[in-house]
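Everything below belongs to entry.txt, which stores compact mmCIF, C-alpha atoms.
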```txt
# COMPACT_ATOMS: atom_id res chain seq x y z
CA MET L 1 83.44 59.21 -115.20
CA GLN L 2 84.90 62.67 -114.68
CA LEU L 3 81.41 64.12 -114.09
CA LYS L 4 80.66 61.42 -111.51
CA PHE L 5 83.96 62.18 -109.73
CA LYS L 6 83.17 65.91 -109.64
CA THR L 7 79.69 65.18 -108.29
CA SER L 8 81.19 62.99 -105.55
CA ILE L 9 83.57 65.80 -104.60
CA TYR L 10 80.69 68.28 -104.37
CA TYR L 11 78.73 65.87 -102.15
CA LEU L 12 81.78 65.37 -99.92
CA LEU L 13 82.42 69.10 -99.57
CA GLY L 14 78.73 69.72 -98.92
CA GLY L 15 78.68 67.01 -96.26
CA ILE L 16 81.74 68.49 -94.53
CA ALA L 17 80.16 71.97 -94.59
CA VAL L 18 76.93 70.64 -93.07
CA LEU L 19 78.85 68.76 -90.36
CA VAL L 20 80.87 71.86 -89.44
CA TYR L 21 77.68 73.92 -89.25
CA LEU L 22 75.99 71.32 -87.01
CA LEU L 23 79.01 71.21 -84.69
CA ILE L 24 78.77 74.98 -84.31
CA ALA L 25 74.96 75.16 -84.03
CA ALA L 26 74.91 72.49 -81.30
CA ASN L 27 77.01 74.75 -79.10
CA ARG L 28 74.11 77.01 -78.13
CA GLN L 29 70.91 76.71 -76.13
CA GLY L 30 67.80 76.36 -78.28
CA ASP L 31 64.26 75.03 -78.05
CA LEU L 32 65.59 71.54 -77.35
CA PHE L 33 66.31 72.85 -73.85
CA ILE L 34 62.59 73.70 -73.46
CA TYR L 35 61.57 70.25 -74.74
CA GLU L 36 63.94 68.59 -72.28
CA SER L 37 62.89 70.87 -69.42
CA GLY L 38 59.21 70.16 -70.04
CA SER L 39 59.94 66.44 -70.24
CA SER L 40 61.95 66.54 -67.00
CA ASP L 41 59.19 68.39 -65.14
CA ILE L 42 56.48 66.04 -66.42
CA PHE L 43 58.43 63.00 -65.25
CA ALA L 44 58.95 64.78 -61.92
CA GLY L 45 55.17 64.98 -61.52
CA LYS L 46 54.88 68.70 -62.31
CA ASP L 47 52.53 70.44 -64.72
CA ALA L 48 54.97 71.63 -67.39
CA TYR L 49 52.23 73.60 -69.13
CA LEU L 50 52.00 76.00 -66.19
CA ILE L 51 55.75 76.59 -66.03
CA SER L 52 57.68 79.07 -68.16
CA TYR L 53 61.25 78.41 -69.25
CA VAL L 54 64.19 80.68 -70.08
CA ASP L 55 62.55 84.09 -70.77
CA GLY L 56 58.89 83.18 -70.35
CA PHE L 57 58.64 80.48 -73.03
CA HIS L 58 56.21 77.60 -72.58
CA TYR L 59 56.32 73.93 -73.40
CA TYR L 60 53.56 73.70 -76.05
CA TYR L 61 53.94 70.07 -77.09
CA SER L 62 52.26 66.80 -76.14
CA THR L 63 52.98 64.52 -73.21
CA LEU L 64 53.84 61.77 -75.69
CA PHE L 65 56.55 63.98 -77.19
CA ALA L 66 57.83 64.64 -73.66
CA ILE L 67 58.23 60.88 -73.26
CA LEU L 68 59.91 60.48 -76.66
CA ILE L 69 62.41 63.26 -75.92
CA TYR L 70 63.13 61.99 -72.37
CA PRO L 71 66.19 59.85 -73.32
CA PHE L 72 68.01 63.05 -74.35
CA LEU L 73 68.12 64.00 -70.66
CA PHE L 74 70.66 61.24 -70.07
CA LEU L 75 73.08 62.59 -72.67
CA PRO L 76 75.63 65.39 -72.27
CA VAL L 77 73.95 68.64 -73.34
CA TYR L 78 76.21 69.21 -76.35
CA LEU L 79 75.92 65.60 -77.58
CA GLY L 80 72.14 65.69 -77.23
CA ALA L 81 71.92 68.91 -79.25
CA LEU L 82 74.25 67.50 -81.91
CA LEU L 83 72.18 64.33 -82.26
CA TRP L 84 68.96 66.36 -82.46
CA LEU L 85 70.39 68.61 -85.18
CA GLY L 86 71.82 65.60 -87.01
CA LEU L 87 68.37 64.01 -87.02
CA ASN L 88 66.92 67.25 -88.40
CA ALA L 89 69.59 67.39 -91.12
CA PHE L 90 68.74 63.83 -92.20
CA LEU L 91 64.99 64.55 -92.18
CA LEU L 92 65.53 67.74 -94.18
CA TYR L 93 67.40 65.67 -96.78
CA ARG L 94 64.50 63.23 -96.75
CA ILE L 95 62.03 66.12 -97.26
CA VAL L 96 63.98 67.24 -100.33
CA ILE L 97 63.75 63.70 -101.73
CA LEU L 98 60.02 63.45 -101.00
CA ILE L 99 59.28 66.80 -102.68
CA SER L 100 61.50 66.13 -105.70
CA ARG L 101 59.66 62.86 -106.38
CA TYR L 102 56.58 64.86 -107.34
CA PHE L 103 58.47 66.55 -110.19
CA ASN L 104 59.46 65.11 -113.54
CA LEU L 105 63.08 66.24 -113.27
CA SER L 106 63.99 64.13 -116.29
CA ILE L 107 62.54 66.79 -118.60
CA LEU L 108 65.02 69.35 -117.22
CA THR L 109 68.55 69.81 -118.48
CA GLN L 110 71.38 69.40 -115.97
CA LYS L 111 71.68 73.19 -115.63
CA GLU L 112 67.90 73.61 -115.21
CA CYS L 113 67.83 70.90 -112.55
CA LEU L 114 70.70 72.55 -110.66
CA PHE L 115 68.97 75.94 -111.00
CA PHE L 116 65.75 74.45 -109.59
CA PHE L 117 67.44 73.07 -106.47
CA ILE L 118 69.61 76.16 -105.88
CA CYS L 119 66.67 78.59 -106.18
CA SER L 120 64.48 76.45 -103.90
CA PHE L 121 67.29 76.21 -101.36
CA LEU L 122 68.06 79.94 -101.41
CA PHE L 123 64.39 80.86 -101.00
CA GLY L 124 64.04 78.61 -97.95
CA LEU L 125 67.47 79.31 -96.48
CA ARG L 126 66.18 81.63 -93.75
CA PHE L 127 63.59 79.09 -92.63
CA ILE L 128 66.11 76.25 -92.69
CA LEU L 129 68.75 78.15 -90.72
CA SER L 130 66.15 79.34 -88.21
CA ASN L 131 65.08 75.75 -87.56
CA PHE L 132 68.65 74.68 -86.86
CA HIS L 133 69.54 77.85 -84.97
CA ASN L 134 66.54 77.39 -82.66
CA GLN L 135 66.85 73.58 -82.56
CA GLN L 136 63.20 73.47 -83.56
CA ILE L 137 60.81 70.64 -84.40
CA THR L 138 59.25 72.02 -87.60
CA ILE L 139 61.43 69.88 -89.89
CA PHE L 140 60.30 66.76 -88.02
CA ILE L 141 56.60 67.73 -88.35
CA LEU L 142 56.92 68.50 -92.07
CA TYR L 143 58.67 65.17 -92.61
CA LEU L 144 55.87 63.31 -90.81
CA ILE L 145 53.31 65.02 -93.07
CA LEU L 146 55.07 64.35 -96.38
CA GLU L 147 56.11 60.80 -95.54
CA GLY L 148 52.69 60.06 -94.09
CA LEU L 149 50.93 61.30 -97.23
CA ARG L 150 53.32 59.29 -99.41
CA PHE L 151 52.39 56.14 -97.52
CA ILE L 152 48.65 56.88 -97.64
CA PHE L 153 48.50 57.61 -101.37
CA SER L 154 50.71 54.63 -102.21
CA GLY L 155 48.33 52.28 -100.41
CA ASN L 156 49.95 51.90 -96.97
CA LYS L 157 47.14 53.62 -95.05
CA LEU L 158 48.16 52.28 -91.64
CA ALA L 159 51.76 53.52 -91.68
CA GLY L 160 50.75 56.86 -93.17
CA ALA L 161 48.03 57.37 -90.54
CA VAL L 162 50.49 56.68 -87.72
CA LEU L 163 52.86 59.37 -89.00
CA ILE L 164 50.11 61.96 -89.56
CA ALA L 165 48.57 61.20 -86.16
CA LEU L 166 51.97 61.57 -84.48
CA GLY L 167 52.43 64.97 -86.15
CA ILE L 168 48.98 66.12 -84.97
CA ASN L 169 49.66 64.78 -81.49
CA ILE L 170 52.92 66.69 -81.15
CA LYS L 171 51.84 70.06 -82.57
CA LEU L 172 48.26 69.99 -83.98
CA LEU L 173 49.36 71.72 -87.21
CA PRO L 174 48.86 68.69 -89.52
CA ILE L 175 45.18 68.53 -88.48
CA ILE L 176 44.46 70.70 -91.53
CA LEU L 177 45.08 67.55 -93.62
CA LEU L 178 42.23 65.56 -92.06
CA PRO L 179 39.36 67.26 -93.96
CA TYR L 180 41.49 67.07 -97.13
CA LEU L 181 41.89 63.30 -96.76
CA ILE L 182 38.14 62.93 -96.23
CA TYR L 183 37.45 65.13 -99.29
CA ARG L 184 39.80 62.93 -101.33
CA ARG L 185 37.88 59.80 -100.26
CA GLU L 186 40.64 58.51 -98.01
CA PHE L 187 38.07 57.39 -95.43
CA LYS L 188 40.10 54.48 -94.11
CA ALA L 189 43.22 56.60 -93.65
CA SER L 190 41.19 59.37 -91.97
CA PHE L 191 39.64 56.86 -89.57
CA PHE L 192 43.06 55.45 -88.70
CA VAL L 193 44.43 58.97 -88.10
CA LEU L 194 41.65 59.66 -85.60
CA VAL L 195 42.08 56.31 -83.85
CA PHE L 196 45.85 56.66 -83.56
CA TYR L 197 45.58 60.29 -82.45
CA ILE L 198 43.21 59.36 -79.60
CA ALA L 199 45.43 56.42 -78.67
CA MET L 200 48.50 58.69 -78.59
CA LEU L 201 46.70 61.12 -76.27
CA PHE L 202 46.12 58.44 -73.64
CA LEU L 203 49.16 56.21 -74.27
CA PRO L 204 51.36 58.26 -71.86
CA GLY L 205 48.94 57.26 -69.09
CA PHE L 206 50.57 53.82 -68.99
CA ILE L 207 53.87 55.49 -68.07
CA LEU L 208 52.85 58.62 -66.16
CA GLY L 209 49.63 57.35 -64.64
CA PHE L 210 46.22 58.11 -66.11
CA ALA L 211 45.28 60.71 -63.49
CA GLN L 212 48.41 62.77 -64.19
CA ASN L 213 48.07 62.30 -67.96
CA ASN L 214 44.45 63.48 -67.95
CA MET L 215 45.41 66.50 -65.89
CA LEU L 216 48.23 67.33 -68.32
CA ILE L 217 45.91 66.98 -71.35
CA SER L 218 43.47 69.46 -69.77
CA SER L 219 46.26 71.89 -68.90
CA TRP L 220 47.78 71.55 -72.38
CA TRP L 221 44.48 72.37 -74.07
CA LYS L 222 44.05 75.49 -71.92
CA LEU L 223 47.47 76.64 -73.09
CA ILE L 224 47.02 75.99 -76.84
CA ASN L 225 43.28 76.71 -77.15
CA PRO L 226 43.08 78.87 -80.34
CA PHE L 227 40.13 80.80 -78.89
CA ASN L 228 42.27 82.24 -76.11
CA THR L 229 42.54 86.04 -76.25
CA ILE L 230 46.32 85.79 -76.28
CA HIS L 231 46.15 83.84 -79.57
CA ASN L 232 44.02 86.49 -81.29
CA LEU L 233 46.15 89.37 -80.02
CA ASP L 234 49.16 87.29 -81.01
CA VAL L 235 51.94 89.80 -80.24
CA ASP L 236 53.60 88.65 -77.03
CA GLU L 237 56.82 87.90 -78.95
CA ARG L 238 58.46 90.20 -81.52
CA SER L 239 59.18 87.35 -83.91
CA PHE L 240 55.57 86.14 -84.29
CA HIS L 241 54.28 86.07 -87.88
CA SER L 242 50.83 84.85 -88.91
CA LEU L 243 47.42 86.23 -89.84
CA SER L 244 46.51 86.71 -86.17
CA THR L 245 49.67 88.76 -85.56
CA LEU L 246 49.43 90.74 -88.80
CA LEU L 247 45.75 91.66 -88.43
CA ALA L 248 46.15 92.56 -84.76
CA THR L 249 48.94 95.01 -85.59
CA LEU L 250 47.06 96.43 -88.58
CA LEU L 251 43.59 96.79 -87.08
CA VAL L 252 44.16 97.54 -83.37
CA GLU L 253 46.06 100.64 -82.31
CA THR L 254 47.02 99.59 -78.80
CA VAL L 255 47.86 95.90 -79.01
CA PRO L 256 49.84 94.72 -75.96
CA ASP L 257 53.10 94.51 -77.90
CA LYS L 258 55.97 95.43 -75.61
CA PHE L 259 58.41 95.08 -78.52
CA ALA L 260 56.63 97.54 -80.83
CA LEU L 261 58.64 100.44 -82.20
CA HIS L 262 57.33 103.99 -81.93
CA ILE L 263 56.24 103.88 -85.56
CA ARG L 264 52.59 103.65 -86.49
CA ARG L 265 51.60 100.48 -88.33
CA ASN L 266 47.82 100.22 -87.76
CA ILE L 267 45.47 101.40 -90.50
CA MET L 268 42.34 101.10 -88.33
CA ASP L 269 41.38 100.78 -84.69
CA ILE L 270 38.60 98.27 -84.16
CA SER L 271 37.36 96.44 -81.09
CA TYR L 272 38.68 93.06 -80.01
CA GLU L 273 35.38 91.41 -80.96
CA HIS L 274 35.55 92.84 -84.48
CA LEU L 275 39.19 91.77 -84.77
CA VAL L 276 38.25 88.16 -83.97
CA LEU L 277 35.46 88.33 -86.57
CA VAL L 278 37.77 89.72 -89.29
CA LEU L 279 40.47 87.18 -88.41
CA ASN L 280 38.13 84.20 -88.62
CA ILE L 281 36.53 85.43 -91.87
CA THR L 282 40.00 85.84 -93.40
CA ARG L 283 40.98 82.35 -92.28
CA LEU L 284 37.75 80.94 -93.74
CA ILE L 285 38.36 82.69 -97.09
CA LEU L 286 41.90 81.31 -97.35
CA ILE L 287 40.83 77.80 -96.37
CA SER L 288 37.90 77.91 -98.82
CA PHE L 289 40.28 79.00 -101.58
CA ALA L 290 41.72 75.48 -101.42
CA LEU L 291 38.78 74.51 -103.64
CA TYR L 292 40.40 76.52 -106.44
CA PHE L 293 43.28 74.04 -106.43
CA ILE L 294 41.21 70.92 -105.74
CA ARG L 295 38.74 71.50 -108.60
CA THR L 296 36.78 68.26 -108.22
CA LYS L 297 33.62 67.17 -106.47
CA PRO L 298 33.94 65.83 -102.91
CA PHE L 299 34.90 62.19 -102.35
CA VAL L 300 36.68 61.82 -105.68
CA THR L 301 40.14 60.25 -105.75
CA ASN L 302 42.76 62.30 -107.59
CA ASN L 303 45.31 60.15 -109.43
CA SER L 304 47.43 63.02 -110.80
CA THR L 305 50.58 63.25 -108.71
CA MET L 306 51.32 66.87 -109.63
CA HIS L 307 47.74 67.97 -109.02
CA ARG L 308 47.89 66.34 -105.59
CA PHE L 309 51.18 68.06 -104.85
CA VAL L 310 49.71 71.50 -105.57
CA GLU L 311 46.74 70.76 -103.32
CA ILE L 312 49.02 69.65 -100.51
CA SER L 313 51.37 72.60 -101.08
CA TYR L 314 48.56 75.10 -100.66
CA LEU L 315 47.31 73.45 -97.47
CA LEU L 316 50.84 73.43 -96.04
CA LEU L 317 51.23 77.08 -97.02
CA LEU L 318 48.15 77.86 -94.92
CA VAL L 319 49.51 76.19 -91.79
CA PRO L 320 51.79 79.00 -90.51
CA LEU L 321 49.26 81.62 -91.68
CA VAL L 322 46.02 80.41 -90.07
CA PHE L 323 47.49 79.01 -86.85
CA PRO L 324 48.53 81.49 -84.16
CA HIS L 325 51.86 81.67 -82.34
CA GLN L 326 53.99 81.05 -85.44
CA GLN L 327 57.61 82.14 -85.81
CA ASP L 328 59.76 82.32 -88.93
CA TYR L 329 60.91 78.69 -88.75
CA ALA L 330 57.27 77.55 -89.18
CA PHE L 331 57.24 79.05 -92.69
CA LEU L 332 59.33 76.13 -93.88
CA PHE L 333 55.84 74.77 -94.65
CA ALA L 334 55.74 77.22 -97.58
CA MET L 335 58.62 75.51 -99.38
CA PRO L 336 56.61 72.88 -101.34
CA ALA L 337 54.56 75.72 -102.90
CA VAL L 338 57.73 77.71 -103.63
CA SER L 339 59.39 74.71 -105.27
CA PHE L 340 56.36 74.20 -107.52
CA ILE L 341 56.37 77.84 -108.69
CA ILE L 342 60.09 77.64 -109.51
CA TYR L 343 59.55 74.35 -111.37
CA TYR L 344 56.65 75.90 -113.29
CA LEU L 345 58.73 78.92 -114.34
CA ILE L 346 61.50 76.66 -115.63
CA THR L 347 59.32 74.16 -117.50
CA GLU L 348 56.69 76.59 -118.83
CA ARG L 349 59.04 79.40 -119.86
CA LYS L 350 58.69 78.68 -123.56
CA THR L 351 54.89 78.45 -123.51
CA MET L 352 54.28 81.50 -121.29
CA SER L 353 53.90 85.00 -122.64
CA ASP L 354 56.84 87.28 -121.91
CA SER L 355 54.66 89.60 -119.82
CA LYS L 356 53.37 86.76 -117.62
CA PHE L 357 56.87 85.38 -117.13
CA ARG L 358 58.25 88.80 -116.15
CA ILE L 359 55.38 89.54 -113.76
CA VAL L 360 55.51 86.15 -112.02
CA THR L 361 59.30 86.31 -111.77
CA ALA L 362 59.23 89.87 -110.41
CA PHE L 363 56.70 89.02 -107.72
CA MET L 364 58.60 85.84 -106.89
CA ILE L 365 61.72 87.94 -106.32
CA LEU L 366 59.69 90.36 -104.20
CA SER L 367 58.35 87.47 -102.12
CA TYR L 368 61.90 86.17 -101.71
CA LEU L 369 63.13 89.56 -100.47
CA LEU L 370 60.24 89.98 -98.02
CA CYS L 371 60.87 86.49 -96.65
CA ASN L 372 64.66 86.78 -96.44
CA LEU L 373 65.49 90.40 -95.53
CA ASN L 374 66.28 89.24 -91.98
CA LEU L 375 69.01 87.12 -93.51
CA LEU L 376 70.17 89.60 -96.16
CA LEU L 377 70.08 92.81 -94.08
CA GLY L 378 69.76 91.60 -90.53
CA GLN L 379 70.72 94.91 -88.91
CA TYR L 380 67.18 96.19 -89.59
CA ARG L 381 65.33 93.10 -88.37
CA GLU L 382 63.45 95.00 -85.65
CA TYR L 383 61.72 96.99 -88.41
CA TYR L 384 60.91 93.87 -90.41
CA ASP L 385 59.40 92.24 -87.33
CA HIS L 386 57.55 95.42 -86.37
CA PHE L 387 55.74 95.56 -89.73
CA LYS L 388 55.50 91.73 -90.07
CA ILE L 389 56.85 91.77 -93.61
CA LEU L 390 57.51 88.02 -93.58
CA THR L 391 53.77 87.43 -93.49
CA TYR L 392 53.30 89.65 -96.55
CA GLY L 393 56.00 87.71 -98.37
CA VAL L 394 54.31 84.38 -97.70
CA LEU L 395 50.83 85.72 -98.50
CA LEU L 396 52.21 86.77 -101.88
CA ILE L 397 52.95 83.11 -102.65
CA ILE L 398 49.20 82.39 -102.72
CA PRO L 399 48.37 84.40 -105.89
CA LEU L 400 51.63 83.23 -107.46
CA LEU L 401 50.66 79.60 -106.90
CA ALA L 402 47.20 80.33 -108.29
CA VAL L 403 48.60 81.99 -111.43
CA CYS L 404 50.90 79.00 -112.05
CA TYR L 405 47.93 76.64 -111.97
CA PRO L 406 46.63 74.79 -113.92
CA PHE L 407 49.69 73.42 -115.69
CA LYS L 408 50.33 71.42 -118.82
CA LYS L 409 48.69 67.99 -118.88
CA SER L 410 52.01 66.35 -119.79
CA ILE L 411 53.51 67.62 -116.55
CA SER L 412 50.46 66.89 -114.39
CA GLU L 413 50.29 63.30 -115.61
CA PHE L 414 53.79 62.50 -114.32
CA HIS L 415 53.88 59.87 -111.52
```

Full structure transcribed into structure tokens:
Amino acid sequence: MQLKFKTSIYYLLGGIAVLVYLLIAANRQGDLFIYESGSSDIFAGKDAYLISYVDGFHYYYSTLFAILIYPFLFLPVYLGALLWLGLNAFLLYRIVILISRYFNLSILTQKECLFFFICSFLFGLRFILSNFHNQQITIFILYLILEGLRFIFSGNKLAGAVLIALGINIKLLPIILLPYLIYRREFKASFFVLVFYIAMLFLPGFILGFAQNNMLISSWWKLINPFNTIHNLDVDERSFHSLSTLLATLLVETVPDKFALHIRRNIMDISYEHLVLVLNITRLILISFALYFIRTKPFVTNNSTMHRFVEISYLLLLVPLVFPHQQDYAFLFAMPAVSFIIYYLITERKTMSDSKFRIVTAFMILSYLLCNLNLLLGQYREYYDHFKILTYGVLLIIPLLAVCYPFKKSISEFH
């Protein structure tokens, strides 16, 4: 009874702290302003994809999302921001629930369980705060992915496909899941995703008019086309972090980076054509490495919940790495992989050799520092961004995830 009372107090204090933070965070202009501005211009008959907002930022999202966000234009600015952040807070809580369901937390002691959640939270704190600070949409996209996959693998293919298709429609990133679903013999779900995605592309035509909607789709594709030069020399903002940004700064001496410090960071100087080749080969290698985690023939259903979680975690980890134009908030996609590594270290500590445990823990701490130095020692952030150390920190999670896999059968069999 006393323990339950203490737990209730902790929840209450945590809820109050979150509410206070949201009230403060809503009092600034973030990306919600760009969403609303793009929506307003689209409803005014303008091409929002040709317009830049604030300091040269573009509206990169779908016309359907512009319609969904349109009601926020009728709210006071502060109230709209507060509601948006409140929605994100709820969806983040839901993401925690969805991820924790993959783990057999019953085998952990109370202290181990608390340690698991605290370590996972601290590792992802920078990404979480960045999403709220920038009033971003990443939390919403990650929720759509995890909830959509939960529906699909529990038998509700239709509902899951709608959520995945909506995520792809808004920001393309979840499209990396489509070949995975096909590989895992989810043909019906994959078909529904494609059907709903196409329907969502043309659905705004009933509201905006089909001529305007078709024009906007064409303009949108020209803006987000991954083959654009600007997406291979991905350095037009200081805070970009992905393979395209990292390789451009490492392999080209004179990238058009107006934010670069006068400190050398390139190790080679190759042509643009060779850069594109190296970038695409690197992407292909990382995507192909997914087979290491899948470990079955194509078109075989995997009934192990933990095995599926590791597969999904690796694919989500790839999202902010292989796609261009990614900022720190996008690396929230790395958190499922991080949570698995922490869970593995806790549950496998007694069966691991001391040397393996020390090495994995040391590199996990290094990854944490590389990912969170902006938060820990923010006064030097221009140097962190210059050398793109966040990308190194996230890349380090890949071998860590590989080393922590496979796992004990007793853990992998948990449903």

* Asked: At most 10 Å from (42.3, 90.1, -88.2), file frame, all atoms listed in the file: which residues, as a PyMOL selection string?
  -> chain L and resi 232-233+243-252+270+272+274-283

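For L:Ile137, the list of residues within 10 Å, based on all atoms listed in the file and with local chain neighbours fewer than 4 positions off taken out, reads Asp31, Leu32, Tyr35, Trp84, Leu85, Asn88, Asn131, Phe132, Ile141, Leu142, Ile170, Lys171, Tyr329 and Ala330 of chain L.
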
Those same residues, written as a PDB file, in the frame of the given file with C-alpha atoms?
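Now in selection_14.pdb:
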```
ATOM      1  CA  ASP L  31      64.260  75.030 -78.050  1.00  0.00           C
ATOM      2  CA  LEU L  32      65.590  71.540 -77.350  1.00  0.00           C
ATOM      3  CA  TYR L  35      61.570  70.250 -74.740  1.00  0.00           C
ATOM      4  CA  TRP L  84      68.960  66.360 -82.460  1.00  0.00           C
ATOM      5  CA  LEU L  85      70.390  68.610 -85.180  1.00  0.00           C
ATOM      6  CA  ASN L  88      66.920  67.250 -88.400  1.00  0.00           C
ATOM      7  CA  ASN L 131      65.080  75.750 -87.560  1.00  0.00           C
ATOM      8  CA  PHE L 132      68.650  74.680 -86.860  1.00  0.00           C
ATOM      9  CA  ILE L 141      56.600  67.730 -88.350  1.00  0.00           C
ATOM     10  CA  LEU L 142      56.920  68.500 -92.070  1.00  0.00           C
ATOM     11  CA  ILE L 170      52.920  66.690 -81.150  1.00  0.00           C
ATOM     12  CA  LYS L 171      51.840  70.060 -82.570  1.00  0.00           C
ATOM     13  CA  TYR L 329      60.910  78.690 -88.750  1.00  0.00           C
ATOM     14  CA  ALA L 330      57.270  77.550 -89.180  1.00  0.00           C
TER      15      ALA L 330
END
```

A straight line from atom CA of L:Met306 to atom CA of L:Gln136 spans 29.4 Å

Near L:Val338, within 9 Å and counting only C-alpha atoms, which residues show up once chain neighbours fewer than 3 positions away are dropped, as a PDB file with C-alpha atoms, in the frame of the given file?
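Contents of around-v6.pdb, freshly written:
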```pdb
ATOM      1  CA  SER L 120      64.480  76.450-103.900  1.00  0.00           C
ATOM      2  CA  PHE L 123      64.390  80.860-101.000  1.00  0.00           C
ATOM      3  CA  GLY L 124      64.040  78.610 -97.950  1.00  0.00           C
ATOM      4  CA  SER L 313      51.370  72.600-101.080  1.00  0.00           C
ATOM      5  CA  ALA L 334      55.740  77.220 -97.580  1.00  0.00           C
ATOM      6  CA  MET L 335      58.620  75.510 -99.380  1.00  0.00           C
ATOM      7  CA  ILE L 341      56.370  77.840-108.690  1.00  0.00           C
ATOM      8  CA  ILE L 342      60.090  77.640-109.510  1.00  0.00           C
ATOM      9  CA  TYR L 343      59.550  74.350-111.370  1.00  0.00           C
ATOM     10  CA  MET L 364      58.600  85.840-106.890  1.00  0.00           C
ATOM     11  CA  ILE L 397      52.950  83.110-102.650  1.00  0.00           C
ATOM     12  CA  LEU L 401      50.660  79.600-106.900  1.00  0.00           C
TER      13      LEU L 401
END
```

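Among the candidates L:Pro320, L:Asp269, L:Phe293, L:Thr347, the one nearest to L:His307 when counting all atoms listed in the file is L:Phe293.
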
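Using all atoms listed in the file for every distance, the candidate list L:Phe299, L:Phe65, L:Trp220, L:Phe191 yields L:Phe65 as the residue closest to L:Asn169.
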